[in-house]
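Undergrad: Have a peek at data-v9.cif (mmCIF, C-alpha atoms).
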data_protein
loop_
_atom_site.group_PDB
_atom_site.id
_atom_site.type_symbol
_atom_site.label_atom_id
_atom_site.label_comp_id
_atom_site.auth_asym_id
_atom_site.auth_seq_id
_atom_site.Cartn_x
_atom_site.Cartn_y
_atom_site.Cartn_z
ATOM 1 C CA MET F 1 -2.926 6.814 -51.184
ATOM 2 C CA ARG F 2 -5.463 4.975 -49.035
ATOM 3 C CA GLU F 3 -5.526 1.354 -48.018
ATOM 4 C CA SER F 4 -7.881 -0.104 -45.400
ATOM 5 C CA GLY F 5 -8.546 3.289 -43.827
ATOM 6 C CA VAL F 6 -4.843 4.264 -43.653
ATOM 7 C CA VAL F 7 -3.258 7.193 -45.458
ATOM 8 C CA ALA F 8 0.404 8.156 -45.893
ATOM 9 C CA SER F 9 1.133 11.733 -44.923
ATOM 10 C CA LYS F 10 3.709 13.705 -46.885
ATOM 11 C CA GLY F 11 3.731 16.785 -44.714
ATOM 12 C CA PRO F 12 1.690 19.981 -44.640
ATOM 13 C CA ALA F 13 -0.135 20.754 -47.869
ATOM 14 C CA GLY F 14 1.460 17.711 -49.514
ATOM 15 C CA ARG F 15 4.897 19.332 -49.524
ATOM 16 C CA ALA F 16 8.029 17.235 -49.689
ATOM 17 C CA ARG F 17 9.988 17.346 -46.455
ATOM 18 C CA PRO F 18 13.747 16.872 -46.047
ATOM 19 C CA VAL F 19 14.799 13.539 -44.603
ATOM 20 C CA ARG F 20 14.709 13.945 -40.829
ATOM 21 C CA LEU F 21 18.008 13.943 -38.954
ATOM 22 C CA GLY F 22 17.640 11.807 -35.831
ATOM 23 C CA PRO F 23 19.969 11.516 -32.820
ATOM 24 C CA ARG F 24 21.927 8.558 -34.158
ATOM 25 C CA ALA F 25 22.495 10.276 -37.505
ATOM 26 C CA VAL F 26 23.611 13.441 -35.714
ATOM 27 C CA ALA F 27 26.083 11.446 -33.618
ATOM 28 C CA ALA F 28 27.479 9.765 -36.737
ATOM 29 C CA LEU F 29 27.845 13.106 -38.540
ATOM 30 C CA VAL F 30 29.595 14.696 -35.554
ATOM 31 C CA LEU F 31 32.025 11.782 -35.366
ATOM 32 C CA ILE F 32 32.902 11.784 -39.057
ATOM 33 C CA SER F 33 33.223 15.585 -39.102
ATOM 34 C CA ALA F 34 35.566 15.515 -36.113
ATOM 35 C CA VAL F 35 37.756 12.966 -37.898
ATOM 36 C CA GLY F 36 37.744 15.165 -41.002
ATOM 37 C CA VAL F 37 38.708 18.343 -39.133
ATOM 38 C CA ALA F 38 41.595 16.502 -37.467
ATOM 39 C CA ALA F 39 42.772 15.134 -40.828
ATOM 40 C CA PHE F 40 42.758 18.587 -42.417
ATOM 41 C CA GLY F 41 44.249 20.622 -39.592
ATOM 42 C CA TRP F 42 46.685 18.450 -37.656
ATOM 43 C CA PRO F 43 49.829 19.784 -39.455
ATOM 44 C CA LEU F 44 49.128 23.249 -38.008
ATOM 45 C CA LEU F 45 49.535 21.833 -34.508
ATOM 46 C CA ALA F 46 52.423 19.443 -35.184
ATOM 47 C CA ASP F 47 56.025 20.044 -34.161
ATOM 48 C CA GLY F 48 58.560 20.840 -36.845
ATOM 49 C CA GLY F 49 60.238 18.022 -38.673
ATOM 50 C CA SER F 50 61.482 17.167 -42.104
ATOM 51 C CA GLY F 51 59.127 14.182 -42.328
ATOM 52 C CA LEU F 52 55.917 16.147 -41.722
ATOM 53 C CA ALA F 53 54.991 16.448 -45.403
ATOM 54 C CA ARG F 54 55.486 12.721 -45.967
ATOM 55 C CA ALA F 55 53.448 11.961 -42.866
ATOM 56 C CA HIS F 56 50.633 14.205 -44.087
ATOM 57 C CA ALA F 57 50.600 12.433 -47.445
ATOM 58 C CA GLY F 58 50.485 9.093 -45.643
ATOM 59 C CA VAL F 59 47.315 10.078 -43.787
ATOM 60 C CA ALA F 60 45.173 9.899 -46.940
ATOM 61 C CA PRO F 61 44.928 6.080 -47.255
ATOM 62 C CA TRP F 62 44.005 5.734 -43.602
ATOM 63 C CA LEU F 63 41.483 8.554 -43.865
ATOM 64 C CA PHE F 64 39.861 6.898 -46.872
ATOM 65 C CA ALA F 65 39.800 3.528 -45.105
ATOM 66 C CA GLY F 66 38.019 5.090 -42.149
ATOM 67 C CA LEU F 67 35.745 7.299 -44.219
ATOM 68 C CA LEU F 68 33.878 4.528 -46.034
ATOM 69 C CA PRO F 69 32.586 2.663 -42.946
ATOM 70 C CA LEU F 70 31.705 5.979 -41.314
ATOM 71 C CA LEU F 71 29.643 6.939 -44.368
ATOM 72 C CA VAL F 72 27.868 3.589 -44.171
ATOM 73 C CA GLY F 73 27.225 4.369 -40.523
ATOM 74 C CA VAL F 74 25.590 7.693 -41.445
ATOM 75 C CA VAL F 75 23.338 5.919 -43.969
ATOM 76 C CA VAL F 76 22.365 3.192 -41.492
ATOM 77 C CA ALA F 77 21.686 5.752 -38.750
ATOM 78 C CA THR F 78 19.546 7.843 -41.113
ATOM 79 C CA ILE F 79 17.575 4.780 -42.180
ATOM 80 C CA ALA F 80 17.028 3.815 -38.534
ATOM 81 C CA ASP F 81 15.984 7.320 -37.475
ATOM 82 C CA ALA F 82 13.946 8.422 -40.485
ATOM 83 C CA GLY F 83 12.645 5.159 -41.896
ATOM 84 C CA MET F 84 14.301 5.546 -45.298
ATOM 85 C CA ASP F 85 13.794 2.631 -47.625
ATOM 86 C CA ALA F 86 15.082 1.299 -50.939
ATOM 87 C CA LYS F 87 13.574 4.245 -52.819
ATOM 88 C CA ALA F 88 15.741 6.689 -50.879
ATOM 89 C CA VAL F 89 18.871 4.651 -51.528
ATOM 90 C CA ALA F 90 17.964 4.453 -55.225
ATOM 91 C CA MET F 91 17.505 8.217 -55.378
ATOM 92 C CA LEU F 92 20.880 8.675 -53.707
ATOM 93 C CA GLY F 93 22.463 6.552 -56.428
ATOM 94 C CA VAL F 94 20.732 8.426 -59.243
ATOM 95 C CA LEU F 95 21.737 11.860 -57.947
ATOM 96 C CA ALA F 96 25.311 10.716 -57.326
ATOM 97 C CA ALA F 97 25.518 9.404 -60.894
ATOM 98 C CA VAL F 98 24.160 12.663 -62.328
ATOM 99 C CA GLY F 99 26.560 14.726 -60.221
ATOM 100 C CA ALA F 100 29.515 12.572 -61.264
ATOM 101 C CA ALA F 101 28.535 12.976 -64.916
ATOM 102 C CA LEU F 102 28.288 16.766 -64.554
ATOM 103 C CA ARG F 103 31.791 17.191 -63.165
ATOM 104 C CA PRO F 104 33.716 16.431 -66.398
ATOM 105 C CA LEU F 105 31.581 18.918 -68.367
ATOM 106 C CA GLY F 106 33.571 21.838 -67.006
ATOM 107 C CA ALA F 107 36.817 19.887 -67.347
ATOM 108 C CA GLY F 108 38.049 21.885 -64.369
ATOM 109 C CA THR F 109 38.561 24.938 -66.580
ATOM 110 C CA ALA F 110 38.845 28.056 -64.387
ATOM 111 C CA GLY F 111 36.980 26.238 -61.654
ATOM 112 C CA LEU F 112 33.809 25.800 -63.733
ATOM 113 C CA GLU F 113 32.266 22.738 -62.115
ATOM 114 C CA PRO F 114 28.467 22.456 -62.587
ATOM 115 C CA MET F 115 28.140 19.593 -60.100
ATOM 116 C CA PHE F 116 28.330 22.110 -57.217
ATOM 117 C CA PHE F 117 25.046 23.630 -58.344
ATOM 118 C CA LEU F 118 23.282 20.250 -58.193
ATOM 119 C CA MET F 119 24.748 19.484 -54.781
ATOM 120 C CA VAL F 120 23.385 22.741 -53.321
ATOM 121 C CA LEU F 121 19.851 22.059 -54.547
ATOM 122 C CA SER F 122 19.924 18.367 -53.587
ATOM 123 C CA GLY F 123 21.081 19.159 -50.072
ATOM 124 C CA ARG F 124 18.347 21.773 -49.741
ATOM 125 C CA VAL F 125 15.560 19.389 -50.742
ATOM 126 C CA LEU F 126 16.773 16.170 -49.118
ATOM 127 C CA GLY F 127 18.246 17.441 -45.856
ATOM 128 C CA PRO F 128 21.681 17.521 -44.197
ATOM 129 C CA GLY F 129 22.165 13.808 -43.476
ATOM 130 C CA PHE F 130 21.174 12.697 -46.952
ATOM 131 C CA GLY F 131 23.198 15.600 -48.375
ATOM 132 C CA PHE F 132 26.352 14.624 -46.493
ATOM 133 C CA VAL F 133 26.331 11.104 -47.895
ATOM 134 C CA LEU F 134 25.358 12.327 -51.361
ATOM 135 C CA GLY F 135 28.261 14.793 -51.520
ATOM 136 C CA ALA F 136 30.834 12.191 -50.492
ATOM 137 C CA VAL F 137 29.501 9.464 -52.792
ATOM 138 C CA THR F 138 29.251 11.864 -55.749
ATOM 139 C CA MET F 139 32.865 12.975 -55.374
ATOM 140 C CA PHE F 140 34.009 9.366 -55.059
ATOM 141 C CA ALA F 141 32.101 8.367 -58.213
ATOM 142 C CA SER F 142 33.391 11.361 -60.171
ATOM 143 C CA ALA F 143 36.982 10.582 -59.144
ATOM 144 C CA LEU F 144 36.591 7.074 -60.528
ATOM 145 C CA LEU F 145 34.983 8.437 -63.691
ATOM 146 C CA THR F 146 37.629 11.080 -64.400
ATOM 147 C CA GLY F 147 40.675 9.213 -63.123
ATOM 148 C CA GLY F 148 41.095 11.691 -60.281
ATOM 149 C CA VAL F 149 42.050 9.084 -57.685
ATOM 150 C CA GLY F 150 44.894 10.213 -55.465
ATOM 151 C CA PRO F 151 45.796 11.243 -51.915
ATOM 152 C CA TRP F 152 43.480 14.233 -52.279
ATOM 153 C CA MET F 153 40.345 12.125 -52.930
ATOM 154 C CA PRO F 154 39.226 11.461 -49.307
ATOM 155 C CA TYR F 155 39.687 15.166 -48.567
ATOM 156 C CA GLN F 156 37.555 16.039 -51.590
ATOM 157 C CA MET F 157 34.889 13.619 -50.399
ATOM 158 C CA LEU F 158 34.771 15.235 -46.966
ATOM 159 C CA SER F 159 34.767 18.777 -48.357
ATOM 160 C CA MET F 160 31.933 18.030 -50.771
ATOM 161 C CA ALA F 161 30.003 16.231 -48.015
ATOM 162 C CA TRP F 162 30.202 19.350 -45.803
ATOM 163 C CA PHE F 163 29.317 21.529 -48.792
ATOM 164 C CA THR F 164 26.107 19.574 -49.494
ATOM 165 C CA MET F 165 25.203 19.145 -45.825
ATOM 166 C CA GLY F 166 25.393 22.916 -45.304
ATOM 167 C CA ALA F 167 22.681 23.445 -47.916
ATOM 168 C CA GLY F 168 20.424 21.103 -45.957
ATOM 169 C CA LEU F 169 20.966 23.144 -42.792
ATOM 170 C CA LEU F 170 19.757 26.414 -44.318
ATOM 171 C CA PRO F 171 16.638 27.894 -42.654
ATOM 172 C CA GLY F 172 13.044 27.614 -43.832
ATOM 173 C CA PRO F 173 13.074 24.290 -45.705
ATOM 174 C CA GLY F 174 9.290 23.942 -45.408
ATOM 175 C CA ARG F 175 8.265 27.575 -45.757
ATOM 176 C CA LEU F 176 10.655 29.603 -47.882
ATOM 177 C CA ARG F 177 9.927 29.309 -51.584
ATOM 178 C CA GLY F 178 10.332 31.298 -54.769
ATOM 179 C CA ARG F 179 12.832 34.033 -55.477
ATOM 180 C CA GLY F 180 13.863 34.416 -51.856
ATOM 181 C CA GLU F 181 14.889 30.791 -51.620
ATOM 182 C CA LEU F 182 16.885 30.979 -54.852
ATOM 183 C CA LEU F 183 18.739 34.080 -53.647
ATOM 184 C CA MET F 184 19.580 32.344 -50.365
ATOM 185 C CA LEU F 185 20.826 29.229 -52.172
ATOM 186 C CA ALA F 186 22.871 31.318 -54.604
ATOM 187 C CA ALA F 187 24.509 33.215 -51.743
ATOM 188 C CA TYR F 188 25.258 29.980 -49.927
ATOM 189 C CA GLY F 189 26.620 28.369 -53.104
ATOM 190 C CA ALA F 190 29.017 31.280 -53.636
ATOM 191 C CA ALA F 191 30.279 31.311 -50.049
ATOM 192 C CA ALA F 192 30.518 27.520 -49.833
ATOM 193 C CA SER F 193 32.436 27.358 -53.137
ATOM 194 C CA PHE F 194 35.157 29.497 -51.590
ATOM 195 C CA ALA F 195 35.022 27.422 -48.404
ATOM 196 C CA TYR F 196 35.463 24.210 -50.418
ATOM 197 C CA GLY F 197 38.489 25.651 -52.203
ATOM 198 C CA THR F 198 39.964 26.840 -48.902
ATOM 199 C CA ALA F 199 39.599 23.395 -47.320
ATOM 200 C CA MET F 200 41.288 21.727 -50.276
ATOM 201 C CA ASN F 201 44.062 24.328 -50.201
ATOM 202 C CA LEU F 202 44.705 23.461 -46.560
ATOM 203 C CA GLN F 203 45.140 19.831 -47.533
ATOM 204 C CA GLY F 204 47.533 20.578 -50.401
ATOM 205 C CA TRP F 205 49.424 23.472 -48.867
ATOM 206 C CA VAL F 206 51.721 21.237 -46.815
ATOM 207 C CA LEU F 207 52.713 19.298 -49.929
ATOM 208 C CA ALA F 208 52.682 22.031 -52.571
ATOM 209 C CA LEU F 209 55.831 23.933 -51.540
ATOM 210 C CA PRO F 210 58.960 22.848 -49.671
ATOM 211 C CA GLU F 211 58.762 23.804 -46.023
ATOM 212 C CA GLY F 212 60.021 27.345 -45.425
ATOM 213 C CA SER F 213 60.905 27.897 -49.092
ATOM 214 C CA SER F 214 58.951 31.158 -49.409
ATOM 215 C CA GLY F 215 56.729 33.600 -47.585
ATOM 216 C CA ILE F 216 53.604 31.639 -48.498
ATOM 217 C CA ALA F 217 54.964 28.142 -47.789
ATOM 218 C CA PHE F 218 54.071 26.078 -44.766
ATOM 219 C CA HIS F 219 56.524 26.422 -41.866
ATOM 220 C CA ALA F 220 56.305 23.342 -39.659
ATOM 221 C CA GLY F 221 56.377 24.097 -35.962
ATOM 222 C CA GLU F 222 55.678 27.811 -36.354
ATOM 223 C CA PRO F 223 52.856 29.429 -34.314
ATOM 224 C CA VAL F 224 49.416 28.719 -35.705
ATOM 225 C CA HIS F 225 48.522 32.379 -36.350
ATOM 226 C CA GLU F 226 51.689 32.916 -38.396
ATOM 227 C CA ASN F 227 51.021 29.869 -40.528
ATOM 228 C CA LEU F 228 47.430 31.014 -41.045
ATOM 229 C CA VAL F 229 48.673 34.347 -42.389
ATOM 230 C CA ARG F 230 50.920 32.505 -44.844
ATOM 231 C CA PHE F 231 48.018 30.223 -45.740
ATOM 232 C CA ALA F 232 45.755 33.193 -46.552
ATOM 233 C CA ALA F 233 48.467 34.608 -48.819
ATOM 234 C CA TYR F 234 48.828 31.182 -50.460
ATOM 235 C CA CYS F 235 45.087 31.022 -51.197
ATOM 236 C CA LEU F 236 45.054 34.523 -52.695
ATOM 237 C CA ALA F 237 48.055 33.764 -54.868
ATOM 238 C CA THR F 238 47.102 30.339 -56.134
ATOM 239 C CA SER F 239 43.362 29.636 -56.120
ATOM 240 C CA MET F 240 41.319 32.824 -55.795
ATOM 241 C CA GLY F 241 40.530 32.946 -59.516
ATOM 242 C CA TRP F 242 39.643 29.255 -59.549
ATOM 243 C CA ASP F 243 37.273 29.575 -56.603
ATOM 244 C CA LEU F 244 35.719 32.703 -58.127
ATOM 245 C CA GLY F 245 34.845 30.816 -61.311
ATOM 246 C CA ARG F 246 33.260 27.987 -59.310
ATOM 247 C CA ALA F 247 31.223 30.431 -57.236
ATOM 248 C CA ALA F 248 30.082 32.444 -60.268
ATOM 249 C CA LEU F 249 28.889 29.385 -62.183
ATOM 250 C CA THR F 250 27.032 28.067 -59.128
ATOM 251 C CA VAL F 251 25.250 31.413 -58.685
ATOM 252 C CA VAL F 252 24.307 31.706 -62.375
ATOM 253 C CA LEU F 253 22.919 28.165 -62.611
ATOM 254 C CA THR F 254 21.011 28.516 -59.337
ATOM 255 C CA LEU F 255 19.306 31.736 -60.396
ATOM 256 C CA THR F 256 18.513 30.604 -63.956
ATOM 257 C CA ILE F 257 17.413 26.964 -63.745
ATOM 258 C CA GLY F 258 17.364 26.425 -59.992
ATOM 259 C CA SER F 259 13.597 26.769 -59.714
ATOM 260 C CA THR F 260 12.993 24.037 -62.292
ATOM 261 C CA VAL F 261 15.473 21.648 -60.681
ATOM 262 C CA LEU F 262 14.044 22.271 -57.199
ATOM 263 C CA LYS F 263 10.534 21.454 -58.423
ATOM 264 C CA ALA F 264 11.766 18.246 -60.064
ATOM 265 C CA LEU F 265 13.610 17.157 -56.923
ATOM 266 C CA ARG F 266 10.636 17.911 -54.680
ATOM 267 C CA ARG F 267 8.259 16.093 -57.014
ATOM 268 C CA ALA F 268 10.510 13.026 -56.959
ATOM 269 C CA THR F 269 10.723 13.214 -53.164
ATOM 270 C CA ARG F 270 6.935 13.415 -52.812
ATOM 271 C CA ARG F 271 6.443 10.408 -55.060
ATOM 272 C CA ALA F 272 9.062 8.452 -53.163
ATOM 273 C CA ALA F 273 7.182 9.436 -49.965
ATOM 274 C CA PHE F 274 10.270 9.416 -47.753
ATOM 275 C CA GLU F 275 9.396 9.144 -44.077
ATOM 276 C CA ALA F 276 5.680 8.698 -44.815
ATOM 277 C CA GLN F 277 3.620 8.716 -41.649
ATOM 278 C CA VAL F 278 0.684 6.359 -41.211
ATOM 279 C CA THR F 279 -2.525 7.927 -39.909
ATOM 280 C CA PHE F 280 -6.134 6.714 -39.656
ATOM 281 C CA GLU F 281 -8.871 8.454 -41.578
ATOM 282 C CA GLY F 282 -12.475 8.420 -40.374
ATOM 283 C CA ASP F 283 -14.034 6.596 -37.460
ATOM 284 C CA GLU F 284 -13.886 3.042 -38.768
ATOM 285 C CA LYS F 285 -13.693 0.395 -36.065
ATOM 286 C CA PRO F 286 -13.296 -3.389 -36.090
ATOM 287 C CA TYR F 287 -16.446 -5.301 -36.867
ATOM 288 C CA PRO F 288 -18.466 -5.773 -33.627
ATOM 289 C CA GLY F 289 -18.217 -9.215 -32.187
ATOM 290 C CA HIS F 290 -15.001 -9.989 -34.074
ATOM 291 C CA SER F 291 -12.384 -7.978 -32.188
ATOM 292 C CA GLY F 292 -9.096 -7.607 -34.045
ATOM 293 C CA VAL F 293 -10.553 -8.822 -37.370
ATOM 294 C CA ARG F 294 -11.079 -6.296 -40.139
ATOM 295 C CA ARG F 295 -14.570 -6.196 -41.625
ATOM 296 C CA PRO F 296 -15.020 -7.486 -45.159
ATOM 297 C CA THR F 297 -14.917 -4.640 -47.644
ATOM 298 C CA GLY F 298 -16.376 -6.486 -50.627
ATOM 299 C CA ALA F 299 -19.929 -6.428 -51.885
ATOM 300 C CA THR F 300 -22.562 -7.561 -49.380
ATOM 301 C CA SER F 301 -26.092 -8.810 -49.804
ATOM 302 C CA HIS F 302 -28.894 -6.230 -49.645
ATOM 303 C CA THR F 303 -31.179 -8.745 -47.962
ATOM 304 C CA THR F 304 -31.586 -8.713 -44.207
ATOM 305 C CA PRO F 305 -30.018 -11.825 -42.664
ATOM 306 C CA ALA F 306 -32.241 -14.179 -40.779
ATOM 307 C CA SER F 307 -30.153 -13.876 -37.638
ATOM 308 C CA SER F 308 -27.527 -11.404 -36.594
ATOM 309 C CA PRO F 309 -24.331 -12.069 -34.673
ATOM 310 C CA ALA F 310 -24.475 -11.435 -30.979
ATOM 311 C CA GLY F 311 -24.150 -7.785 -30.110
ATOM 312 C CA VAL F 312 -25.086 -6.486 -33.589
ATOM 313 C CA ALA F 313 -28.351 -4.585 -33.770
ATOM 314 C CA GLU F 314 -30.630 -5.045 -36.754
ATOM 315 C CA GLY F 315 -31.186 -1.961 -38.877
ATOM 316 C CA PRO F 316 -30.268 -0.206 -42.060
ATOM 317 C CA ARG F 317 -26.755 -0.669 -43.473
ATOM 318 C CA SER F 318 -25.870 2.965 -42.856
ATOM 319 C CA ALA F 319 -26.794 2.638 -39.168
ATOM 320 C CA ARG F 320 -24.300 -0.217 -38.779
ATOM 321 C CA GLY F 321 -21.539 1.837 -40.407
ATOM 322 C CA ASP F 322 -21.280 -0.703 -43.256
ATOM 323 C CA LEU F 323 -19.825 1.234 -46.202
ATOM 324 C CA GLY F 324 -20.037 -1.755 -48.448
#
Show me this structure written as structure tokens.

TA:
Amino acid sequence: MRESGVVASKGPAGRARPVRLGPRAVAALVLISAVGVAAFGWPLLADGGSGLARAHAGVAPWLFAGLLPLLVGVVVATIADAGMDAKAVAMLGVLAAVGAALRPLGAGTAGLEPMFFLMVLSGRVLGPGFGFVLGAVTMFASALLTGGVGPWMPYQMLSMAWFTMGAGLLPGPGRLRGRGELLMLAAYGAAASFAYGTAMNLQGWVLALPEGSSGIAFHAGEPVHENLVRFAAYCLATSMGWDLGRAALTVVLTLTIGSTVLKALRRATRRAAFEAQVTFEGDEKPYPGHSGVRRPTGATSHTTPASSPAGVAEGPRSARGDLG
């Protein structure tokens, strides 16, 4: 698109580029991730006590209250660093709505959740910062849609945000295409599906079984490595099949229709022209004698004027650089 000698660049060969992650967005992501890691893992480092489970459950409202402004901070920092505009925010809303609508389709049966497939591809195309916010907002919207609001919701939002951000951090976003890219995304989707389930297990493990009731229950105050062994046994016993179904569906959808969805996402990103750079084309200069004023671009007379402005030599139109 050209206007007054200015063109908007969309990257090499017209390819859509992920939204750039600037220093302020990185700082915001590091902060929110540090808060999330502390919220998930603090029971492993806490002293024993009968009130630990209740305290862990009471963290959720505070985590949710802190998560929303931090997410807004990530969006604001990304807008400031990358120059995102209303089109980017609108695309975020559309993708979040589609992801929220996909979640009930599997009804949670055996871990079959097609929204994970869309989150992988969206994070790949739109970048880690955009992906982080998209994952969290999508999980929040789906919880409202399905009635899944509870103490687990802020943990789900964080886990899905990390899941989508990881896809945006994969190598070769501007070079790798075709079958190789799909295989990489499928492998990531499988591994990240298990990682998502593991993170959510860590959140629910403290509450699922009474402390010390069995060999796979959480033992408050025990050494960290011993609790991690019990946690691994808990994951194998309770959620391995669920996570396997999620990973398998993500791989199948990525390899079958992933190419089509990637093309659609990249086409939408190119048309939105996120982070378009302004460059000058040609050697056009301001009209001599009128510094700072753009020359008229409308039709001009073909007759030679009786007198010329000071500093403008008489001659053919082409010699004066007048493109008419």

Undergrad: Can you find the residues with an atom no farther than 12 Å from (25.5, 14.2, -41.6), counting only C-alpha atoms, and report them as a CSV table (one decimal) with C-alpha atoms, keeping the file's coordinate frame?

TA:
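Output contents, as saved in point-v2.csv:
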chain,number,residue,atom,x,y,z
F,19,VAL,CA,14.8,13.5,-44.6
F,20,ARG,CA,14.7,13.9,-40.8
F,21,LEU,CA,18.0,13.9,-39.0
F,22,GLY,CA,17.6,11.8,-35.8
F,23,PRO,CA,20.0,11.5,-32.8
F,24,ARG,CA,21.9,8.6,-34.2
F,25,ALA,CA,22.5,10.3,-37.5
F,26,VAL,CA,23.6,13.4,-35.7
F,27,ALA,CA,26.1,11.4,-33.6
F,28,ALA,CA,27.5,9.8,-36.7
F,29,LEU,CA,27.8,13.1,-38.5
F,30,VAL,CA,29.6,14.7,-35.6
F,31,LEU,CA,32.0,11.8,-35.4
F,32,ILE,CA,32.9,11.8,-39.1
F,33,SER,CA,33.2,15.6,-39.1
F,34,ALA,CA,35.6,15.5,-36.1
F,70,LEU,CA,31.7,6.0,-41.3
F,71,LEU,CA,29.6,6.9,-44.4
F,72,VAL,CA,27.9,3.6,-44.2
F,73,GLY,CA,27.2,4.4,-40.5
F,74,VAL,CA,25.6,7.7,-41.4
F,75,VAL,CA,23.3,5.9,-44.0
F,76,VAL,CA,22.4,3.2,-41.5
F,77,ALA,CA,21.7,5.8,-38.8
F,78,THR,CA,19.5,7.8,-41.1
F,123,GLY,CA,21.1,19.2,-50.1
F,126,LEU,CA,16.8,16.2,-49.1
F,127,GLY,CA,18.2,17.4,-45.9
F,128,PRO,CA,21.7,17.5,-44.2
F,129,GLY,CA,22.2,13.8,-43.5
F,130,PHE,CA,21.2,12.7,-47.0
F,131,GLY,CA,23.2,15.6,-48.4
F,132,PHE,CA,26.4,14.6,-46.5
F,133,VAL,CA,26.3,11.1,-47.9
F,134,LEU,CA,25.4,12.3,-51.4
F,135,GLY,CA,28.3,14.8,-51.5
F,136,ALA,CA,30.8,12.2,-50.5
F,158,LEU,CA,34.8,15.2,-47.0
F,160,MET,CA,31.9,18.0,-50.8
F,161,ALA,CA,30.0,16.2,-48.0
F,162,TRP,CA,30.2,19.4,-45.8
F,163,PHE,CA,29.3,21.5,-48.8
F,164,THR,CA,26.1,19.6,-49.5
F,165,MET,CA,25.2,19.1,-45.8
F,166,GLY,CA,25.4,22.9,-45.3
F,167,ALA,CA,22.7,23.4,-47.9
F,168,GLY,CA,20.4,21.1,-46.0
F,169,LEU,CA,21.0,23.1,-42.8

Undergrad: Would you work out the distance separating atom CA of F:Ser142 from atom CA of F:Ala96, expressed in Å to one decimal?

TA: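 So the two atoms, atom CA of F:Ser142 and atom CA of F:Ala96, lie 8.6 Å apart.
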
Undergrad: Please indicate the distance in Å from atom CA of F:Phe231 to atom CA of F:Ala195, rounded to one decimal place.

TA: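 Answer for the atom CA of F:Phe231 to atom CA of F:Ala195 separation: 13.6 Å.
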
Undergrad: Closest to F:Ala141 among F:Val94, F:Leu170, F:Leu183, F:Ala237, using only C-alpha atoms?

TA: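 Selected residue with least distance to F:Ala141: F:Val94.
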
Undergrad: Might you pull out every residue within 10 Å of stretch 184-187 of chain F, with all atoms listed in the file counted and same-chain residues fewer than 6 positions away left off, and present them as a list in words?

TA: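 Close residues of stretch 184-187 of chain F: Phe117, Val120, Leu121, Arg124, Ala167, Leu170, Pro171, Leu176, Ser193, Ala247, Ala248, Leu249, Thr250, Val251, Val252, Leu253, Thr254, Leu255 and Gly258 of chain F.
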
Undergrad: Using only C-alpha atoms, which of the listed residues (F:Val35, F:Leu45, F:Met115, F:Met157) sits closest to F:Pro223?

TA: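 Going through F:Val35, F:Leu45, F:Met115, F:Met157 one by one, the smallest distance to F:Pro223 is for F:Leu45.
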
Undergrad: For the provided coordinates, the residues matched by the PyMOL selection byres ((chain F and resi 239-245) around 9) should be stated as a ChimeraX atom specification.

TA: /F:108-113,190,193-198,201,234-238,246-250

Undergrad: Nearest to F:Phe116: which of F:Phe218, F:Trp62, F:Trp152, F:Tyr188 is it, counting all atoms listed in the file?

TA: F:Tyr188

Undergrad: Extract, using all atoms listed in the file, all DNA, RNA and protein residues at most 10 Å from F:Leu262, discarding same-chain residues fewer than 5 positions from it, and format them as a PDB file with C-alpha atoms, in the frame of the given file.

TA:
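Writing done, so here's result_14.pdb:
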ATOM      1  CA  LEU F 118      23.282  20.250 -58.193  1.00  0.00           C
ATOM      2  CA  LEU F 121      19.851  22.059 -54.547  1.00  0.00           C
ATOM      3  CA  SER F 122      19.924  18.367 -53.587  1.00  0.00           C
ATOM      4  CA  ARG F 124      18.347  21.773 -49.741  1.00  0.00           C
ATOM      5  CA  VAL F 125      15.560  19.389 -50.742  1.00  0.00           C
ATOM      6  CA  ARG F 177       9.927  29.309 -51.584  1.00  0.00           C
ATOM      7  CA  LEU F 182      16.885  30.979 -54.852  1.00  0.00           C
ATOM      8  CA  THR F 254      21.011  28.516 -59.337  1.00  0.00           C
ATOM      9  CA  ILE F 257      17.413  26.964 -63.745  1.00  0.00           C
ATOM     10  CA  ARG F 267       8.259  16.093 -57.014  1.00  0.00           C
ATOM     11  CA  ALA F 268      10.510  13.026 -56.959  1.00  0.00           C
TER      12      ALA F 268
END

Undergrad: Could you check which of F:Ala143, F:Met119, F:Ala90, F:Ala220 is closest to F:Ala192, using all atoms listed in the file?

TA: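 Residue with the minimum atom-to-atom distance to F:Ala192: F:Met119.
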
Undergrad: List the spatial neighbours of F:Ala60 as a VMD selection string - criterion: any atom at most 9 Å away, all atoms listed in the file, same-chain residues fewer than 5 positions off excluded.

TA: chain F and resid 39 65 150 to 155

Undergrad: For the atom pair atom CA of F:Ala101 and atom CA of F:Val149, what is the interatomic distance in Å to one decimal place?

TA: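 Distance reported for this atom pair: 15.8 Å.
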
Undergrad: Have a look at F:Arg270, F:Arg179, F:Arg103, F:His219 and name the one nearest to F:Lys87; count only C-alpha atoms.

TA: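 So, comparing all the options, the nearest one is F:Arg270.
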